[in-house]
There are 2 protein chains.
Amino acid sequence: MRLNTKSRYAVMALADMASFNPNKPISLRDISLRQSISLQYLEQIFLKLKKYNIVRSVRGSNGGYVLSKNSNNIKLSEIFSALNENVKTIGCDKNSKKGCNGRSTKCITHDLWDELDLHINAFFENKNLEDLIRN
Amino acid sequence: MRLNTKSRYAVMALADMASFNPNKPISLRDISLRQSISLQYLEQIFLKLKKYNIVRSVRGSNGGYVLSKNSNNIKLSEIFSALNENVKTIGCDKNSKKGCNGRSTKCITHDLWDELDLHINAFFENKNLEDLIRN
DNA sequence: GGATACTTGACTAATTTAGTCGGGTATATA
DNA sequence: TATATACCCGACTAAATTAGTCAAGTATCC
């Protein structure tokens, strides 16, 4: 089990932003240099963060991105949602109450994975950006 | 984030075993049929479970595998360890106290992933096979 | 001796990941 | 108004991982 880099980089980049003046746009170029993340990869990530309203963009020179809320109000769970990385630990179709693998019953471990998902999401639900930079 | 099939199948197969007479060897063929998992894939999985002493094997006809402990004494964390799937959510080198990405300092989110790992492993630490089949 | 069932290593197709590439468009500032 | 800055966006790709299969055993029971 492993998180993908997009999610990790998203959290890193946002934590980076959160430690600066929240009113001044921060360019991806700067984040790229500070965090050693490719600029074009950051662009992909921020596109999603923007769609999900976690940041807003300021175009043009001296532009960049601004957090759209206070950092203590941005939960990590939102960030993962923005990147479609809401924890789905397995392949069972969770919505169909019967039939995981095309069979007629739930698979024997079905409820376990449901519980695990809840457990992990709860962790992200209880952490915000501000928590990260208080160190 | 997603668990791989090996770990999932391992848990399914062991849960399957746990719901039968614990003293009679159970063949992989039977598990394969009941759980719709390829026999040869199960063989790979059980090799690891055996090395880790979670099951023991009985060769020859009427042979199969037997749980080496009571099912209420087999924690899910052991199963994941057996398959080398101990949760490592990220790429940072956790052991080197300084330097995640070849840089001189810990990355900004380093401690977060440590905490997450603990959180997930705790979940598996507190679940055993018996818990799974009590439904 | 034959059937059953475990044992083991090597190989492979498909998918996913982690990016890169290249061409935009909008805006500030000189 | 020119130019540089910086966001915007779709398409592509190399590398790694996953999820298996294949083939050839060995041990034991009946």
# chains A, B, ... in the order shown; residues from 1 in each chain; ligands from 1

$ residues_around --residues "region 11-17 of chain C" --least-positions-apart "4" --cutoff "8 Å" --atoms "only C-alpha atoms (C1' of nucleotides)" --output "CSV table (one decimal) with N, CA, C and O atoms (P, O5', C5', C4', C3', O3' and C1' of nucleotides), in the first residue's frame"
chain,number,residue,atom,x,y,z
A,4,ASN,N,0.2,7.8,-3.9
A,4,ASN,CA,0.9,8.2,-5.1
A,4,ASN,C,1.6,9.5,-4.9
A,4,ASN,O,1.3,10.2,-3.9
D,16,DA,P,12.6,1.7,-13.6
D,16,DA,O5',11.4,1.2,-12.8
D,16,DA,C5',10.6,2.2,-12.1
D,16,DA,C4',9.3,1.6,-11.7
D,16,DA,C3',9.4,0.3,-10.9
D,16,DA,O3',8.7,0.6,-9.7
D,16,DA,C1',7.7,0.2,-12.7
D,17,DT,P,8.8,-0.6,-8.5
D,17,DT,O5',7.3,-1.1,-8.6
D,17,DT,C5',6.3,-0.2,-8.8
D,17,DT,C4',5.0,-1.0,-9.1
D,17,DT,C3',4.8,-2.3,-8.3
D,17,DT,O3',3.6,-2.1,-7.6
D,17,DT,C1',4.4,-2.6,-10.6
D,18,DT,P,3.0,-3.2,-6.6
D,18,DT,O5',2.0,-3.9,-7.5
D,18,DT,C5',1.3,-3.2,-8.5
D,18,DT,C4',0.3,-4.1,-9.2
D,18,DT,C3',-0.2,-5.3,-8.4
D,18,DT,O3',-1.6,-5.3,-8.6
D,18,DT,C1',0.8,-6.0,-10.5
D,21,DT,P,-3.8,-17.1,-13.6
D,21,DT,O5',-2.6,-17.4,-14.6
D,21,DT,C5',-2.7,-16.8,-15.9
D,21,DT,C4',-1.4,-17.2,-16.7
D,21,DT,C3',-1.4,-18.7,-16.9
D,21,DT,O3',-0.9,-19.0,-18.2
D,21,DT,C1',0.6,-18.0,-15.8
D,22,DC,P,-1.1,-20.5,-18.9
D,22,DC,O5',0.4,-21.0,-18.7
D,22,DC,C5',1.5,-20.1,-18.9
D,22,DC,C4',2.8,-20.8,-18.9
D,22,DC,C3',2.7,-22.4,-19.0
D,22,DC,O3',3.8,-22.8,-19.8
D,22,DC,C1',3.9,-21.8,-17.0

$ closest_atom_pairs --of "chain C" --to "chain A" --cutoff "12 Å" --atoms "only C-alpha atoms (C1' of nucleotides)" --output "Markdown table"
| residue | atom | partner | partner_atom | distance |
| --- | --- | --- | --- | --- |
| C:DT16 | C1' | A:Asn4 | CA | 10.3 |
| C:DT17 | C1' | A:Asn4 | CA | 7.7 |
| C:DA18 | C1' | A:Thr5 | CA | 7.4 |
| C:DG19 | C1' | A:Tyr41 | CA | 6.9 |
| C:DT20 | C1' | A:Gln40 | CA | 8.0 |
| C:DC21 | C1' | A:Gln40 | CA | 9.7 |
| C:DG22 | C1' | A:Gln40 | CA | 11.5 |
| C:DT25 | C1' | A:Arg59 | CA | 9.6 |
| C:DA26 | C1' | A:Arg59 | CA | 5.9 |
| C:DT27 | C1' | A:Gly60 | CA | 3.8 |
| C:DA28 | C1' | A:Ser61 | CA | 5.3 |
| C:DT29 | C1' | A:Ser61 | CA | 8.2 |

$ write_last_selection --atoms "N, CA, C and O atoms (P, O5', C5', C4', C3', O3' and C1' of nucleotides)" --output "compact mmCIF listing (two decimals), in the first residue's frame"
# COMPACT_ATOMS: atom_id res chain seq x y z
P DT C 16 -5.57 0.36 -14.14
O5' DT C 16 -4.29 1.06 -13.49
C5' DT C 16 -3.51 0.29 -12.59
C4' DT C 16 -2.28 1.07 -12.20
C3' DT C 16 -2.54 2.56 -11.95
O3' DT C 16 -2.00 2.81 -10.67
C1' DT C 16 -0.69 2.27 -13.42
P DT C 17 -2.09 4.23 -9.96
O5' DT C 17 -0.61 4.76 -10.24
C5' DT C 17 0.46 3.83 -10.11
C4' DT C 17 1.77 4.53 -10.38
C3' DT C 17 1.83 5.98 -9.94
O3' DT C 17 3.02 6.07 -9.18
C1' DT C 17 2.47 5.79 -12.22
P DA C 18 3.35 7.43 -8.45
O5' DA C 18 4.27 8.13 -9.53
C5' DA C 18 5.49 7.49 -9.92
C4' DA C 18 6.14 8.34 -10.97
C3' DA C 18 6.16 9.83 -10.64
O3' DA C 18 7.38 10.39 -11.12
C1' DA C 18 5.10 9.51 -12.68
P DG C 19 7.87 11.72 -10.47
O5' DG C 19 6.93 12.84 -11.09
C5' DG C 19 7.39 13.70 -12.11
C4' DG C 19 7.48 12.99 -13.45
C3' DG C 19 7.68 13.93 -14.61
O3' DG C 19 9.03 14.23 -14.77
C1' DG C 19 6.16 12.16 -15.14
P DT C 20 9.38 15.66 -15.37
O5' DT C 20 9.19 15.41 -16.95
C5' DT C 20 9.87 14.34 -17.58
C4' DT C 20 9.49 14.34 -19.06
C3' DT C 20 9.79 15.66 -19.77
O3' DT C 20 10.34 15.33 -21.04
C1' DT C 20 7.49 15.12 -20.01
P DC C 21 11.05 16.50 -21.92
O5' DC C 21 9.91 16.91 -22.93
C5' DC C 21 9.01 15.90 -23.38
C4' DC C 21 8.14 16.42 -24.51
C3' DC C 21 8.50 17.80 -25.03
O3' DC C 21 8.35 17.78 -26.44
C1' DC C 21 6.27 17.81 -24.21
P DG C 22 8.93 19.01 -27.36
O5' DG C 22 7.57 19.75 -27.73
C5' DG C 22 6.44 19.01 -28.16
C4' DG C 22 5.24 19.92 -28.22
C3' DG C 22 5.59 21.37 -28.59
O3' DG C 22 4.60 21.86 -29.46
C1' DG C 22 4.37 21.35 -26.61
P DT C 25 -4.78 30.83 -27.71
O5' DT C 25 -5.03 31.12 -26.16
C5' DT C 25 -5.93 30.35 -25.36
C4' DT C 25 -5.91 30.98 -23.98
C3' DT C 25 -6.20 32.47 -24.01
O3' DT C 25 -7.06 32.78 -22.92
C1' DT C 25 -4.13 32.10 -22.96
P DA C 26 -7.80 34.17 -22.89
O5' DA C 26 -7.10 34.80 -21.60
C5' DA C 26 -7.30 34.16 -20.35
C4' DA C 26 -6.43 34.87 -19.33
C3' DA C 26 -6.69 36.38 -19.25
O3' DA C 26 -6.88 36.65 -17.87
C1' DA C 26 -4.37 35.94 -19.52
P DT C 27 -7.47 38.05 -17.37
O5' DT C 27 -6.11 38.77 -16.96
C5' DT C 27 -5.31 38.16 -15.96
C4' DT C 27 -4.01 38.91 -15.84
C3' DT C 27 -4.14 40.42 -15.75
O3' DT C 27 -3.67 40.76 -14.46
C1' DT C 27 -2.34 39.77 -17.17
P DA C 28 -3.74 42.19 -13.83
O5' DA C 28 -2.18 42.53 -13.78
C5' DA C 28 -1.32 41.63 -13.08
C4' DA C 28 0.12 42.09 -13.21
C3' DA C 28 0.36 43.56 -12.90
O3' DA C 28 1.58 43.61 -12.17
C1' DA C 28 1.05 43.09 -15.13
P DT C 29 2.04 44.94 -11.41
O5' DT C 29 3.15 45.48 -12.41
C5' DT C 29 4.19 44.58 -12.80
C4' DT C 29 5.01 45.19 -13.92
C3' DT C 29 5.20 46.69 -13.81
O3' DT C 29 6.50 47.00 -14.29
C1' DT C 29 4.38 46.20 -15.91

$ select_by_dssp --residues "region 17-63 of chain A" --states "strand (DSSP E or B)" --output "ChimeraX atom specification"
/A:26,55-58

$ interface_residues --of "chain D" --to "chain A" --cutoff "6 Å" --atoms "only C-alpha atoms (C1' of nucleotides)" --output "PyMOL selection string"
chain D and resi 5-7

$ closest_residue --among "A:Asp30, A:Glu130, A:Glu78, A:Asp111" --to "chain B" --atoms "only C-alpha atoms"
A:Asp111

$ residues_around --residues "Ala122 (chain A)" --least-positions-apart "2" --cutoff "12 Å" --atoms "only C-alpha atoms (C1' of nucleotides)" --output "PyMOL selection string"
(chain A and resi 75-78+86-87+115-120+124-127) or (chain B and resi 116+119-120)

$ write_last_selection --atoms "C-alpha atoms" --output "PDB file, in the first residue's frame"
ATOM      1  CA  LYS A  75      -8.411  19.497   5.874  1.00  0.00           C
ATOM      2  CA  LEU A  76      -6.119  16.946   4.320  1.00  0.00           C
ATOM      3  CA  SER A  77      -9.169  14.931   3.378  1.00  0.00           C
ATOM      4  CA  GLU A  78     -10.163  17.713   1.001  1.00  0.00           C
ATOM      5  CA  ASN A  86     -10.047   9.108  -1.638  1.00  0.00           C
ATOM      6  CA  VAL A  87      -8.893   5.914  -0.091  1.00  0.00           C
ATOM      7  CA  GLU A 115     -13.861  -0.315   8.045  1.00  0.00           C
ATOM      8  CA  LEU A 116     -10.282   0.312   7.000  1.00  0.00           C
ATOM      9  CA  ASP A 117     -11.340   3.017   4.586  1.00  0.00           C
ATOM     10  CA  LEU A 118     -13.246   4.754   7.345  1.00  0.00           C
ATOM     11  CA  HIS A 119     -10.268   4.492   9.630  1.00  0.00           C
ATOM     12  CA  ILE A 120      -7.880   6.079   7.174  1.00  0.00           C
ATOM     13  CA  PHE A 124      -7.134  12.797   7.097  1.00  0.00           C
ATOM     14  CA  GLU A 125     -10.350  14.363   8.271  1.00  0.00           C
ATOM     15  CA  ASN A 126      -8.717  15.346  11.534  1.00  0.00           C
ATOM     16  CA  LYS A 127      -5.624  16.986  10.112  1.00  0.00           C
TER      17      LYS A 127
ATOM     18  CA  LEU B 116      -0.265   7.782   9.085  1.00  0.00           C
ATOM     19  CA  HIS B 119      -2.417   4.828  12.407  1.00  0.00           C
ATOM     20  CA  ILE B 120      -2.970   2.180   9.741  1.00  0.00           C
TER      21      ILE B 120
END

$ closest_residue --among "A:Ala10, A:Ile26, A:Thr109, A:Arg134" --to "chain B" --atoms "only C-alpha atoms"
A:Thr109

$ closest_residue --among "B:Asn53, B:Ile37, B:Lys69, B:Asn23" --to "chain A" --atoms "only C-alpha atoms"
B:Ile37

$ closest_residue --among "B:Ile108, B:Leu129, B:Ala82, B:Leu42" --to "chain A" --atoms "only C-alpha atoms"
B:Ile108

$ select_by_dssp --residues "chain A" --states "helix (DSSP H, G or I)" --output "VMD selection string"
chain A and resid 5 to 18 28 to 35 39 to 51 71 to 73 76 to 82 110 to 125 129 to 133

$ write_last_selection --atoms "C-alpha atoms" --output "PDB file, in the first residue's frame"
ATOM      1  CA  THR A   5       3.229  11.091  -5.647  1.00  0.00           C
ATOM      2  CA  LYS A   6       0.491  13.416  -6.800  1.00  0.00           C
ATOM      3  CA  SER A   7      -1.171  13.364  -3.413  1.00  0.00           C
ATOM      4  CA  ARG A   8       2.082  13.646  -1.568  1.00  0.00           C
ATOM      5  CA  TYR A   9       3.267  16.510  -3.717  1.00  0.00           C
ATOM      6  CA  ALA A  10      -0.073  18.255  -3.333  1.00  0.00           C
ATOM      7  CA  VAL A  11       0.259  18.180   0.426  1.00  0.00           C
ATOM      8  CA  MET A  12       3.880  19.295   0.268  1.00  0.00           C
ATOM      9  CA  ALA A  13       3.111  22.149  -2.084  1.00  0.00           C
ATOM     10  CA  LEU A  14       0.171  23.387  -0.046  1.00  0.00           C
ATOM     11  CA  ALA A  15       2.117  23.135   3.175  1.00  0.00           C
ATOM     12  CA  ASP A  16       4.813  25.169   1.477  1.00  0.00           C
ATOM     13  CA  MET A  17       2.284  27.833   0.527  1.00  0.00           C
ATOM     14  CA  ALA A  18       0.771  27.857   3.979  1.00  0.00           C
ATOM     15  CA  LEU A  28       4.459  27.336  -9.040  1.00  0.00           C
ATOM     16  CA  ARG A  29       7.974  28.113 -10.147  1.00  0.00           C
ATOM     17  CA  ASP A  30       8.914  29.049  -6.605  1.00  0.00           C
ATOM     18  CA  ILE A  31       7.264  25.982  -5.131  1.00  0.00           C
ATOM     19  CA  SER A  32       8.952  23.860  -7.758  1.00  0.00           C
ATOM     20  CA  LEU A  33      12.366  25.182  -6.755  1.00  0.00           C
ATOM     21  CA  ARG A  34      11.823  24.959  -3.021  1.00  0.00           C
ATOM     22  CA  GLN A  35      10.259  21.508  -2.996  1.00  0.00           C
ATOM     23  CA  LEU A  39       6.941  22.599 -12.607  1.00  0.00           C
ATOM     24  CA  GLN A  40       4.784  20.841 -15.137  1.00  0.00           C
ATOM     25  CA  TYR A  41       3.819  18.178 -12.707  1.00  0.00           C
ATOM     26  CA  LEU A  42       2.805  20.860 -10.241  1.00  0.00           C
ATOM     27  CA  GLU A  43       0.632  22.394 -12.913  1.00  0.00           C
ATOM     28  CA  GLN A  44      -1.347  19.204 -13.245  1.00  0.00           C
ATOM     29  CA  ILE A  45      -1.769  19.009  -9.517  1.00  0.00           C
ATOM     30  CA  PHE A  46      -2.847  22.607  -9.068  1.00  0.00           C
ATOM     31  CA  LEU A  47      -5.366  22.322 -11.834  1.00  0.00           C
ATOM     32  CA  LYS A  48      -7.173  19.791  -9.697  1.00  0.00           C
ATOM     33  CA  LEU A  49      -6.734  21.748  -6.504  1.00  0.00           C
ATOM     34  CA  LYS A  50      -8.241  24.719  -8.243  1.00  0.00           C
ATOM     35  CA  LYS A  51     -11.217  22.812  -9.584  1.00  0.00           C
ATOM     36  CA  SER A  71      -4.762  26.967   6.343  1.00  0.00           C
ATOM     37  CA  ASN A  72      -6.335  25.787   9.583  1.00  0.00           C
ATOM     38  CA  ASN A  73      -9.507  25.324   7.636  1.00  0.00           C
ATOM     39  CA  LEU A  76      -6.119  16.946   4.320  1.00  0.00           C
ATOM     40  CA  SER A  77      -9.169  14.931   3.378  1.00  0.00           C
ATOM     41  CA  GLU A  78     -10.163  17.713   1.001  1.00  0.00           C
ATOM     42  CA  ILE A  79      -6.799  17.565  -0.683  1.00  0.00           C
ATOM     43  CA  PHE A  80      -7.077  13.861  -1.272  1.00  0.00           C
ATOM     44  CA  SER A  81     -10.582  14.259  -2.587  1.00  0.00           C
ATOM     45  CA  ALA A  82      -9.390  16.885  -5.016  1.00  0.00           C
ATOM     46  CA  HIS A 110     -15.814  -7.060   2.426  1.00  0.00           C
ATOM     47  CA  ASP A 111     -16.707  -5.306   5.666  1.00  0.00           C
ATOM     48  CA  LEU A 112     -13.095  -5.258   6.749  1.00  0.00           C
ATOM     49  CA  TRP A 113     -12.054  -3.015   3.882  1.00  0.00           C
ATOM     50  CA  ASP A 114     -14.979  -0.736   4.479  1.00  0.00           C
ATOM     51  CA  GLU A 115     -13.861  -0.315   8.045  1.00  0.00           C
ATOM     52  CA  LEU A 116     -10.282   0.312   7.000  1.00  0.00           C
ATOM     53  CA  ASP A 117     -11.340   3.017   4.586  1.00  0.00           C
ATOM     54  CA  LEU A 118     -13.246   4.754   7.345  1.00  0.00           C
ATOM     55  CA  HIS A 119     -10.268   4.492   9.630  1.00  0.00           C
ATOM     56  CA  ILE A 120      -7.880   6.079   7.174  1.00  0.00           C
ATOM     57  CA  ASN A 121     -10.231   8.777   6.034  1.00  0.00           C
ATOM     58  CA  ALA A 122     -10.852   9.715   9.642  1.00  0.00           C
ATOM     59  CA  PHE A 123      -7.146  10.361   9.989  1.00  0.00           C
ATOM     60  CA  PHE A 124      -7.134  12.797   7.097  1.00  0.00           C
ATOM     61  CA  GLU A 125     -10.350  14.363   8.271  1.00  0.00           C
ATOM     62  CA  LEU A 129      -2.575  22.264   6.789  1.00  0.00           C
ATOM     63  CA  GLU A 130      -1.901  24.366   9.841  1.00  0.00           C
ATOM     64  CA  ASP A 131      -1.143  21.205  11.830  1.00  0.00           C
ATOM     65  CA  LEU A 132       1.587  20.380   9.359  1.00  0.00           C
ATOM     66  CA  ILE A 133       3.528  23.590   9.546  1.00  0.00           C
TER      67      ILE A 133
END

$ residues_around --residues "DG25 (chain D)" --least-positions-apart "6" --cutoff "12 Å" --atoms "only C-alpha atoms (C1' of nucleotides)" --output "mmCIF file with C-alpha atoms (C1' of nucleotides), in the first residue's frame"
data_model
loop_
_atom_site.group_PDB
_atom_site.id
_atom_site.type_symbol
_atom_site.label_atom_id
_atom_site.label_comp_id
_atom_site.auth_asym_id
_atom_site.auth_seq_id
_atom_site.Cartn_x
_atom_site.Cartn_y
_atom_site.Cartn_z
ATOM 1 C "C1'" DC C 6 2.853 -28.787 -1.784
ATOM 2 C "C1'" DT C 7 7.419 -26.259 -3.750
ATOM 3 C "C1'" DT C 8 9.870 -23.166 -6.534
ATOM 4 C "C1'" DG C 9 11.734 -20.206 -10.106
#

$ closest_residue --among "A:Leu3, A:Asn84, A:Ser68, A:Ile54" --to "chain B" --atoms "only C-alpha atoms"
A:Leu3

$ atom_distance --atom1 "CA of Ser19 (chain B)" --atom2 "CA of Ser36 (chain B)"
16.6 Å

$ residues_around --residues "Leu67 (chain A)" --least-positions-apart "4" --cutoff "7 Å" --atoms "only C-alpha atoms (C1' of nucleotides)" --output "ChimeraX atom specification"
/A:22,54-56

$ atom_distance --atom1 "CA of Cys107 (chain B)" --atom2 "CA of Leu83 (chain B)"
28.4 Å
